[in-house]
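A short worksheet on the structure shown next.
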Amino acid sequence: MKNSDCLVSVKNVFFSYANKKIYRNLSMEIPRGKITAILGPSGTGKTTILRLIGAQLTPDSGEIEFDGVKIHSLRRSALYEFRKRMSMLFQSGALFSDMTVFENVAFPLEEHTKLPEELIFDVVMMNLEAVGMRQAANLYPSELSGGMSRRAALARSIVLDPELIMYDEPFVGQDPITKGVLVKLIADINKSLGKTSVVVTHDVKEILEIADYVYILADGNVLGQGTPLEITQSSDPRVKQFIEGDFDGPYAYTIKGSQNYIEDL
Amino acid sequence: MTDFIGMLGRYALRKITSLGRSTIIFFNSIFGVPNLKKAFPLLVNQIYFIGVQSIIIILVSGLFIGMVLGLQGFNILKNFMATGSLGTLVSLAIIRELGPVVSALLYAGRAGSALTAEIGQLKASEQLSAMEMMAVDPLKRVIAPRFWAGLISMPILSLLFCLIGIYGGKLVGVDWLGLDDGIYWSGMQASVDVWDDLIPMLIKAVSFGFICTWIALFNGYDCRPTSEGISRATTATVVQSSLAVLGMDFILTALMF
C-alpha cells in the first residue's frame with residue numbers, strides 16, 4: 001500500500017499491559033476512506049489497538065503514524081489538536097451522564113468551534129436525524145436503550161467531521177434489528193462522508209458485509225488479512241476456525257495452562 | 001530478608017511513581033491556560049456542588065461544637081472564677097484550631113469523597129476517555145474547575161464554621177448559663193486579632209482545601225475503573241485527607257503561632 005493510500009500505519013509495535021504481552025511486532029495499515037475490520041478472539045487486544053492509535057496508550061516499542069505523523073512523539077497540546085481529526089465510538093457509548101443527548105452531541109462543537117448557537121442547534125439536529133435519534137434529543141443517557149445510546153454516541157463521534165472513526169465493538173449486546181441499523185449507519189457514513197473507519201468486532205457476519213479490508217489478530221500478531229472474500233476463502237485452519245466459529249480447531253477454548261485437568265483434580 | 005527488602009523497595013517505588021503521577025496531573029490541570037468564558041460557568045457549578053451544598057453540615061457541626069465548647073469552657077472556668085474569659089476561650093479555640101481543622105475534616109468526608117467517586121465513575125464509564133478522544137483535555141475540563149472550586153470554598157466554609165461556632169458558645173454561655181452578653185463579646189473582641197488569628201486561620205483553610213481537593217481528585221483520576229476500585233479510592237481519600245489535615249495542622253500551628 002502506498003503511503004498516501006494509508007491513513008494509519010502501525011509499525012513493529014510491541015505492547016505489554018500488567019506484565020502480559022499483548023502485541024509482539026504487530027504491523028498493520030489502515031487504508032484511507034475504507035472500512036477496515038479488526039477481528040479476533042477475546043483478549044487479543046483488539047480494543048487496545050484503537051487506544052494505541054488514539055494515543056491513549058503508548059507502545060513499548062514501534063511506531064504508529066497517523067497521516068504520516070508519529071502520534072506518540074507529539075507534545076500534549078499537539079496531540080489534542082491531532083485528536084480533532086479522529087473520533088471513537090466506545091463500546092459503552094460513553095455518553096456524558098449529566099447531559100442530554102442534544103448536549104452530548106453539541107459538546108465537541110461547543111468545545112472546538114465558535115459557531116453561533118442557532119447553527120450548533122441545526123448541526124446537532126441534522127446529525128441526530130442521520131442516526132434516527134432526533135426525537136430523543138432531550139432525553140438523558142439513563143433513559144436510552146443500549147442501541148439508542150450507541151446511535152447517540154455515533155452522532156457525537158461524527159459531529160466534528162473527523163477523518164478517522166474508530167468503532168469499538170459497536171454491535172455488542174444489540175438485537176438483530178439494531179445491529180442491522182448500526183451496520184447500515186457505519187456503511188452509509190463511510191460512503192457518503194468518505195471517512196476512514198476502523199471497526200473492532202466479534203460479529204463476523206455483519207462486518208464482512210460492509211468491510212473493505214479485514215485483519216484477524218491473535219497471539220499478539222496478525223493471523224490473517226485481506227478482503228472479506230480472501231478471508232472467507234482462506235485455507236488457514238486458524239482463520240477458518242475463527243470465521244466459522246468452530247469449537248474444534250487449532251485454538252482451544254480453554255486458556256493456556258489448563259491442560260493438566262486430571263492432575264488438578 | 002532479601003524478599004522483605006525487595007518488597008519494601010517495590011512499595012517505595014510504587015509510592016514515588018504515584019506521587020510523580022499526581023504531581024503531573026496537578027500541574028497539567030491547574031497551569032493549563034483556561035478559556036475563561038467556558039471555565040467560569042464550570043467553576044460556579046463546582047463551587048455550588050462543593051461549597052454551597054456543604055454549608056448545612058458545616059453550620060450544624062459548627063453550632064454544636066461551639067455549644068459544647070461553651071458548656072465545657074464555662075464549667076471549667078467557673079472553678080477558677082474566670083467565666084469572663086469564655087468569649088476569649090471559645091473564639092480563639094475555634095478560630096485558631098477547630099474552625100479550619102473540623103471544617104476540613106467535614107469537607108474531606110462530604111465533598112472529597114463525592115469528588116473521588118464522581119471522577120472514578122467518569123473514568124469507569126469511559127467518559128474521561130471519550131473526552132480525550134474528542135480532543136478535550138479532562139484535566140482542564142473536569143479536574144481544574146473542581147480543584148479551584150475546592151480552594152475557593154474551603155476558606156469560606158471555615159469562616160462560616162467559626163462564625164456559627166462562636167455564636168453557639170454564646171448561646172450556651174450567655175443565653176443558657178447566664179454570662180453577661182457584653183463580657184462574652186468584649187472578651188472575644190479584645191483577644192482576636194486579624195493578623196495573629198484570622199489570617200493564620202485563612203492560611204490553614206486554604207492549605208487544607210488544597211491538600212484535600214488534590215488528594216480527592218487524584219484518587220478519583222487514578223483509581224481502578226471498577227466498583228471496587230472506586231470504593232477503595234473513596235475510602236483512601238477520606239483517610240489520607242484526614243491524616244494530611246491533622247499532620248499539616250501541627251506544622252502550620254508550629255510555624256504560625
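Chain labels follow the order of the C-alpha cells: the first chain is A, the next B, and so on; residue numbering restarts at 1 in every chain, and ligands are counted from 1 in their shown order.
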
For chain A against chain B, which residues fall within 6 Å using only C-alpha atoms, given as a PyMOL selection string? chain A and resi 80+83-84+87+94

Those same residues, written as a CSV table (one decimal), in the first residue's frame with N, CA, C and O atoms?
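So the final result, stored in selection-v4.csv, reads:
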```csv
chain,number,residue,atom,x,y,z
A,80,TYR,N,-3.6,16.8,21.3
A,80,TYR,CA,-5.0,17.1,21.4
A,80,TYR,C,-5.5,17.8,20.1
A,80,TYR,O,-6.7,17.6,19.7
A,83,ARG,N,-6.1,15.0,17.7
A,83,ARG,CA,-7.3,14.1,18.0
A,83,ARG,C,-8.6,14.7,17.5
A,83,ARG,O,-9.6,14.0,17.4
A,84,LYS,N,-8.6,16.0,17.1
A,84,LYS,CA,-9.8,16.6,16.4
A,84,LYS,C,-10.0,15.9,15.1
A,84,LYS,O,-11.1,16.0,14.5
A,87,SER,N,-12.1,10.1,15.8
A,87,SER,CA,-13.1,10.0,16.9
A,87,SER,C,-13.3,8.5,17.2
A,87,SER,O,-12.9,7.7,16.4
A,94,ALA,N,-20.3,5.7,26.2
A,94,ALA,CA,-19.6,6.7,26.9
A,94,ALA,C,-20.2,8.1,26.8
A,94,ALA,O,-19.5,9.1,26.7
```

Skip Leu89 of chain B itself and residues of its chain fewer than 2 positions away, then list as an MDAnalysis selection string all residues within 9 Å of it, counting only C-alpha atoms. chainID B and resid 69:70 73 85:87 91:94 187:188

Next, dump the selected residues to file, keeping only all heavy atoms, as a PDB file, in the first residue's frame.
```
ATOM      1  N   LEU B  69     -18.211  23.572  73.373  1.00  0.00           N
ATOM      2  CA  LEU B  69     -17.064  24.324  73.872  1.00  0.00           C
ATOM      3  C   LEU B  69     -17.516  25.344  74.919  1.00  0.00           C
ATOM      4  O   LEU B  69     -16.856  25.529  75.963  1.00  0.00           O
ATOM      5  CB  LEU B  69     -16.392  25.032  72.682  1.00  0.00           C
ATOM      6  CG  LEU B  69     -14.924  25.379  72.824  1.00  0.00           C
ATOM      7  CD1 LEU B  69     -14.100  24.140  73.069  1.00  0.00           C
ATOM      8  CD2 LEU B  69     -14.441  26.073  71.544  1.00  0.00           C
ATOM      9  N   GLY B  70     -18.664  25.982  74.668  1.00  0.00           N
ATOM     10  CA  GLY B  70     -19.198  26.957  75.616  1.00  0.00           C
ATOM     11  C   GLY B  70     -19.535  26.295  76.944  1.00  0.00           C
ATOM     12  O   GLY B  70     -19.199  26.813  78.021  1.00  0.00           O
ATOM     13  N   GLY B  73     -16.240  24.884  78.563  1.00  0.00           N
ATOM     14  CA  GLY B  73     -15.410  26.028  78.961  1.00  0.00           C
ATOM     15  C   GLY B  73     -15.993  26.723  80.175  1.00  0.00           C
ATOM     16  O   GLY B  73     -15.281  27.045  81.121  1.00  0.00           O
ATOM     17  N   SER B  85     -13.758  34.875  80.859  1.00  0.00           N
ATOM     18  CA  SER B  85     -12.845  34.598  79.735  1.00  0.00           C
ATOM     19  C   SER B  85     -13.448  33.637  78.709  1.00  0.00           C
ATOM     20  O   SER B  85     -12.759  33.190  77.788  1.00  0.00           O
ATOM     21  CB  SER B  85     -11.531  33.992  80.259  1.00  0.00           C
ATOM     22  OG  SER B  85     -10.939  34.846  81.185  1.00  0.00           O
ATOM     23  N   LEU B  86     -14.743  33.308  78.890  1.00  0.00           N
ATOM     24  CA  LEU B  86     -15.355  32.319  77.978  1.00  0.00           C
ATOM     25  C   LEU B  86     -15.302  32.779  76.516  1.00  0.00           C
ATOM     26  O   LEU B  86     -14.990  31.989  75.621  1.00  0.00           O
ATOM     27  CB  LEU B  86     -16.808  32.044  78.398  1.00  0.00           C
ATOM     28  CG  LEU B  86     -17.486  30.928  77.597  1.00  0.00           C
ATOM     29  CD1 LEU B  86     -16.856  29.572  77.912  1.00  0.00           C
ATOM     30  CD2 LEU B  86     -18.976  30.868  77.865  1.00  0.00           C
ATOM     31  N   GLY B  87     -15.579  34.058  76.309  1.00  0.00           N
ATOM     32  CA  GLY B  87     -15.553  34.589  74.929  1.00  0.00           C
ATOM     33  C   GLY B  87     -14.182  34.408  74.299  1.00  0.00           C
ATOM     34  O   GLY B  87     -14.057  33.999  73.127  1.00  0.00           O
ATOM     35  N   SER B  91     -13.658  31.772  71.178  1.00  0.00           N
ATOM     36  CA  SER B  91     -13.293  32.371  69.886  1.00  0.00           C
ATOM     37  C   SER B  91     -11.892  31.944  69.450  1.00  0.00           C
ATOM     38  O   SER B  91     -11.685  31.595  68.280  1.00  0.00           O
ATOM     39  CB  SER B  91     -13.411  33.887  69.946  1.00  0.00           C
ATOM     40  OG  SER B  91     -12.650  34.376  71.017  1.00  0.00           O
ATOM     41  N   LEU B  92     -10.928  31.956  70.383  1.00  0.00           N
ATOM     42  CA  LEU B  92      -9.567  31.578  69.970  1.00  0.00           C
ATOM     43  C   LEU B  92      -9.475  30.096  69.604  1.00  0.00           C
ATOM     44  O   LEU B  92      -8.837  29.725  68.619  1.00  0.00           O
ATOM     45  CB  LEU B  92      -8.556  31.905  71.079  1.00  0.00           C
ATOM     46  CG  LEU B  92      -8.197  33.398  71.206  1.00  0.00           C
ATOM     47  CD1 LEU B  92      -7.125  33.595  72.263  1.00  0.00           C
ATOM     48  CD2 LEU B  92      -7.713  33.975  69.878  1.00  0.00           C
ATOM     49  N   ALA B  93     -10.146  29.246  70.408  1.00  0.00           N
ATOM     50  CA  ALA B  93     -10.098  27.802  70.115  1.00  0.00           C
ATOM     51  C   ALA B  93     -10.702  27.519  68.751  1.00  0.00           C
ATOM     52  O   ALA B  93     -10.171  26.721  67.966  1.00  0.00           O
ATOM     53  CB  ALA B  93     -10.835  27.027  71.201  1.00  0.00           C
ATOM     54  N   ILE B  94     -11.803  28.195  68.473  1.00  0.00           N
ATOM     55  CA  ILE B  94     -12.472  27.927  67.193  1.00  0.00           C
ATOM     56  C   ILE B  94     -11.706  28.546  66.026  1.00  0.00           C
ATOM     57  O   ILE B  94     -11.468  27.890  65.006  1.00  0.00           O
ATOM     58  CB  ILE B  94     -13.936  28.424  67.239  1.00  0.00           C
ATOM     59  CG1 ILE B  94     -14.745  27.467  68.120  1.00  0.00           C
ATOM     60  CG2 ILE B  94     -14.539  28.487  65.842  1.00  0.00           C
ATOM     61  CD1 ILE B  94     -16.191  27.793  68.248  1.00  0.00           C
ATOM     62  N   GLY B 187     -14.733  40.041  75.444  1.00  0.00           N
ATOM     63  CA  GLY B 187     -13.599  39.103  75.595  1.00  0.00           C
ATOM     64  C   GLY B 187     -13.109  38.646  74.229  1.00  0.00           C
ATOM     65  O   GLY B 187     -11.895  38.583  73.953  1.00  0.00           O
ATOM     66  N   MET B 188     -14.075  38.346  73.371  1.00  0.00           N
ATOM     67  CA  MET B 188     -13.700  37.905  72.021  1.00  0.00           C
ATOM     68  C   MET B 188     -13.025  39.040  71.254  1.00  0.00           C
ATOM     69  O   MET B 188     -11.969  38.869  70.655  1.00  0.00           O
ATOM     70  CB  MET B 188     -14.937  37.448  71.259  1.00  0.00           C
ATOM     71  CG  MET B 188     -14.611  36.852  69.921  1.00  0.00           C
ATOM     72  SD  MET B 188     -16.004  36.889  68.802  1.00  0.00           S
ATOM     73  CE  MET B 188     -15.950  38.557  68.243  1.00  0.00           C
TER      74      MET B 188
END
```

Shell of 8 Å around Phe90 of chain A, only C-alpha atoms, local chain residues under 5 positions omitted, as an NGL selection string: (:A and (153 or 167-170)) or (:B and (126 or 130))

Would you list the contacts of Ser227 of chain B as a count of residues only, taking every protein, DNA or RNA residue within 10 Å and counting only C-alpha atoms, but skipping same-chain residues closer than 6 positions in sequence? 5

Spatial neighbours of Ala111 of chain B, max dist 8 Å, only C-alpha atoms, sep filter under 3 positions, as a list in words: Ile50, Ser54, Tyr107, Ala108, Ala114 and Leu115 of chain B

Could you turn the residues from that selection into a file that holds C-alpha atoms, as a compact mmCIF listing (two decimals), in the first residue's frame?
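Result file is out14.txt:
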```
# COMPACT_ATOMS: atom_id res chain seq x y z
CA ILE B 50 -18.52 21.55 46.66
CA SER B 54 -21.56 21.63 52.24
CA TYR B 107 -15.08 18.79 53.77
CA ALA B 108 -12.97 15.67 53.15
CA ALA B 114 -18.01 12.77 46.46
CA LEU B 115 -15.33 14.20 44.16
```

Residues flagged helix (DSSP H, G or I) by DSSP in segment 55-137 of chain A, as JSON, numbers by chain: {"A": [71, 72, 73, 76, 77, 78, 79, 80, 81, 82, 83, 101, 102, 103, 104, 105, 106, 107, 108, 109, 110, 111, 112, 117, 118, 119, 120, 121, 122, 123, 124, 125, 126, 127, 128, 129, 130, 134, 135, 136]}

For the selection you just gave me, I'd like the residues written to a file as a tab-separated table (two decimals), in the first residue's frame, keeping C-alpha atoms.
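What follows is the written file part-v6.tsv:
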```tsv
chain	number	residue	atom	x	y	z
A	71	ILE	CA	1.42	10.30	17.01
A	72	HIS	CA	3.20	9.18	20.18
A	73	SER	CA	6.04	11.65	19.78
A	76	ARG	CA	0.34	17.04	24.77
A	77	SER	CA	-1.15	20.14	23.10
A	78	ALA	CA	-0.26	18.93	19.59
A	79	LEU	CA	-1.73	15.52	20.36
A	80	TYR	CA	-5.02	17.12	21.38
A	81	GLU	CA	-5.02	19.12	18.13
A	82	PHE	CA	-4.50	15.86	16.23
A	83	ARG	CA	-7.31	14.13	18.05
A	101	VAL	CA	-28.47	13.62	24.06
A	102	PHE	CA	-28.55	17.06	22.42
A	103	GLU	CA	-25.93	18.44	24.83
A	104	ASN	CA	-23.76	15.36	24.31
A	105	VAL	CA	-23.72	15.82	20.55
A	106	ALA	CA	-23.27	19.59	20.85
A	107	PHE	CA	-20.35	19.17	23.28
A	108	PRO	CA	-17.49	18.77	20.73
A	109	LEU	CA	-18.87	21.69	18.68
A	110	GLU	CA	-19.08	23.95	21.72
A	111	GLU	CA	-15.58	23.00	22.79
A	112	HIS	CA	-13.84	23.37	19.43
A	117	GLU	CA	-25.97	28.69	18.94
A	118	GLU	CA	-28.54	28.53	16.13
A	119	LEU	CA	-26.05	26.85	13.82
A	120	ILE	CA	-24.94	24.41	16.53
A	121	PHE	CA	-28.63	23.55	17.03
A	122	ASP	CA	-29.07	22.85	13.32
A	123	VAL	CA	-25.87	20.78	13.03
A	124	VAL	CA	-26.73	18.70	16.10
A	125	MET	CA	-30.29	18.08	14.88
A	126	MET	CA	-29.03	17.07	11.43
A	127	ASN	CA	-26.61	14.59	12.98
A	128	LEU	CA	-29.28	13.20	15.28
A	129	GLU	CA	-31.63	12.86	12.33
A	130	ALA	CA	-28.93	10.96	10.44
A	134	ARG	CA	-33.84	13.48	16.66
A	135	GLN	CA	-36.90	12.75	18.80
A	136	ALA	CA	-34.66	11.67	21.67
```

Neighbours of Ile38 of chain A within 7 Å (only C-alpha atoms; same-chain residues fewer than 5 positions away dropped), as a list of chain:residue names? A:Lys46, A:Val199, A:Val200, A:Thr201, A:Val214, A:Tyr215, A:Ile216

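Every protein or nucleic acid residue with an atom no more than 8 Å from Gly150 of chain B, counting only C-alpha atoms and leaving out same-chain residues fewer than 3 positions away, appears here: Ile47, Ile50, Gly51, Arg146, Phe147, Ser153, Met154, Gly209, Phe210 and Thr213 of chain B.
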
Could you write out that same residue set with N, CA, C and O atoms as a CSV table (one decimal), in the first residue's frame?
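The result, written out as out-v3.csv:
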```
chain,number,residue,atom,x,y,z
B,47,ILE,N,-18.4,25.2,42.6
B,47,ILE,CA,-18.5,25.9,43.9
B,47,ILE,C,-19.8,25.6,44.5
B,47,ILE,O,-19.9,25.4,45.7
B,50,ILE,N,-19.5,21.8,45.6
B,50,ILE,CA,-18.5,21.5,46.7
B,50,ILE,C,-18.8,22.4,47.9
B,50,ILE,O,-18.7,22.0,49.0
B,51,GLY,N,-19.0,23.7,47.6
B,51,GLY,CA,-19.1,24.7,48.7
B,51,GLY,C,-20.5,24.8,49.2
B,51,GLY,O,-20.8,24.5,50.4
B,146,ARG,N,-12.8,21.7,39.5
B,146,ARG,CA,-13.1,21.2,40.8
B,146,ARG,C,-12.0,21.6,41.8
B,146,ARG,O,-12.2,21.9,42.9
B,147,PHE,N,-10.8,21.6,41.3
B,147,PHE,CA,-9.6,22.0,42.1
B,147,PHE,C,-9.8,23.4,42.6
B,147,PHE,O,-9.7,23.7,43.8
B,153,SER,N,-13.8,27.4,48.1
B,153,SER,CA,-14.8,27.1,49.0
B,153,SER,C,-14.3,26.9,50.4
B,153,SER,O,-15.0,27.3,51.4
B,154,MET,N,-13.2,26.3,50.5
B,154,MET,CA,-12.7,25.8,51.9
B,154,MET,C,-12.6,27.0,52.9
B,154,MET,O,-13.1,26.9,54.0
B,209,GLY,N,-7.8,23.1,52.1
B,209,GLY,CA,-8.6,23.0,50.9
B,209,GLY,C,-7.7,22.4,49.7
B,209,GLY,O,-8.2,21.6,49.0
B,210,PHE,N,-6.5,22.9,49.6
B,210,PHE,CA,-5.6,22.5,48.6
B,210,PHE,C,-5.3,21.0,48.7
B,210,PHE,O,-5.5,20.2,47.8
B,213,THR,N,-8.5,18.6,48.3
B,213,THR,CA,-9.0,18.6,47.0
B,213,THR,C,-8.1,17.8,46.0
B,213,THR,O,-8.5,17.0,45.2
```

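Taking atom CA of Asp188 of chain A and atom CA of Val69 of chain A as the two end points, the separation is 28.1 Å.
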
Between atom CA of Phe27 of chain B and atom CA of Leu139 of chain B, what is the spacing in Å? 9.4 Å

Out of segment 86-183 of chain A, which residues get strand (DSSP E) from DSSP, as a PyMOL selection string? chain A and resi 86-89+164-168

Please, could you write that set of residues out with N, CA, C and O atoms as a PDB file, in the first residue's frame?
```
ATOM      1  N   MET A  86      -9.774  12.657  14.608  1.00  0.00           N
ATOM      2  CA  MET A  86     -10.232  11.261  14.790  1.00  0.00           C
ATOM      3  C   MET A  86     -11.332  11.225  15.850  1.00  0.00           C
ATOM      4  O   MET A  86     -11.490  12.167  16.623  1.00  0.00           O
ATOM      5  N   SER A  87     -12.080  10.150  15.847  1.00  0.00           N
ATOM      6  CA  SER A  87     -13.070  10.002  16.917  1.00  0.00           C
ATOM      7  C   SER A  87     -13.264   8.521  17.197  1.00  0.00           C
ATOM      8  O   SER A  87     -12.856   7.683  16.402  1.00  0.00           O
ATOM      9  N   MET A  88     -13.858   8.259  18.325  1.00  0.00           N
ATOM     10  CA  MET A  88     -14.028   6.852  18.706  1.00  0.00           C
ATOM     11  C   MET A  88     -15.438   6.634  19.253  1.00  0.00           C
ATOM     12  O   MET A  88     -15.927   7.417  20.067  1.00  0.00           O
ATOM     13  N   LEU A  89     -16.059   5.580  18.786  1.00  0.00           N
ATOM     14  CA  LEU A  89     -17.345   5.164  19.341  1.00  0.00           C
ATOM     15  C   LEU A  89     -17.049   4.067  20.355  1.00  0.00           C
ATOM     16  O   LEU A  89     -16.618   2.976  19.978  1.00  0.00           O
ATOM     17  N   LEU A 164     -10.974   9.990  10.717  1.00  0.00           N
ATOM     18  CA  LEU A 164     -10.943   8.583  11.133  1.00  0.00           C
ATOM     19  C   LEU A 164     -11.991   8.351  12.221  1.00  0.00           C
ATOM     20  O   LEU A 164     -12.035   9.076  13.212  1.00  0.00           O
ATOM     21  N   ILE A 165     -12.832   7.350  12.015  1.00  0.00           N
ATOM     22  CA  ILE A 165     -13.780   6.973  13.068  1.00  0.00           C
ATOM     23  C   ILE A 165     -13.461   5.544  13.501  1.00  0.00           C
ATOM     24  O   ILE A 165     -13.389   4.644  12.659  1.00  0.00           O
ATOM     25  N   MET A 166     -13.239   5.380  14.800  1.00  0.00           N
ATOM     26  CA  MET A 166     -12.934   4.037  15.321  1.00  0.00           C
ATOM     27  C   MET A 166     -14.148   3.533  16.098  1.00  0.00           C
ATOM     28  O   MET A 166     -14.679   4.248  16.954  1.00  0.00           O
ATOM     29  N   TYR A 167     -14.571   2.354  15.778  1.00  0.00           N
ATOM     30  CA  TYR A 167     -15.748   1.764  16.432  1.00  0.00           C
ATOM     31  C   TYR A 167     -15.288   0.599  17.297  1.00  0.00           C
ATOM     32  O   TYR A 167     -14.734  -0.371  16.789  1.00  0.00           O
ATOM     33  N   ASP A 168     -15.540   0.704  18.598  1.00  0.00           N
ATOM     34  CA  ASP A 168     -15.152  -0.379  19.496  1.00  0.00           C
ATOM     35  C   ASP A 168     -16.374  -1.245  19.795  1.00  0.00           C
ATOM     36  O   ASP A 168     -17.271  -0.834  20.528  1.00  0.00           O
TER      37      ASP A 168
END
```

Distance in Å - atom CA of Ile186 of chain A versus atom CA of Val222 of chain A: 23.9 Å

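Closest approach to Arg110 of chain B from the set B:Ala244, B:Cys212, B:Leu177, B:Val44 is made by B:Cys212, with distances taken over only C-alpha atoms.
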
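Among the candidate residues B:Leu217, B:Ala190, B:Leu159, B:Ala144, the one lying nearest to Leu202 of chain B is B:Leu159, with distances computed using only C-alpha atoms.
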
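Nearest to Leu59 of chain B of all the residues B:Met201, B:Leu157, B:Ala236, B:Cys223 is B:Leu157, based on only C-alpha atoms.
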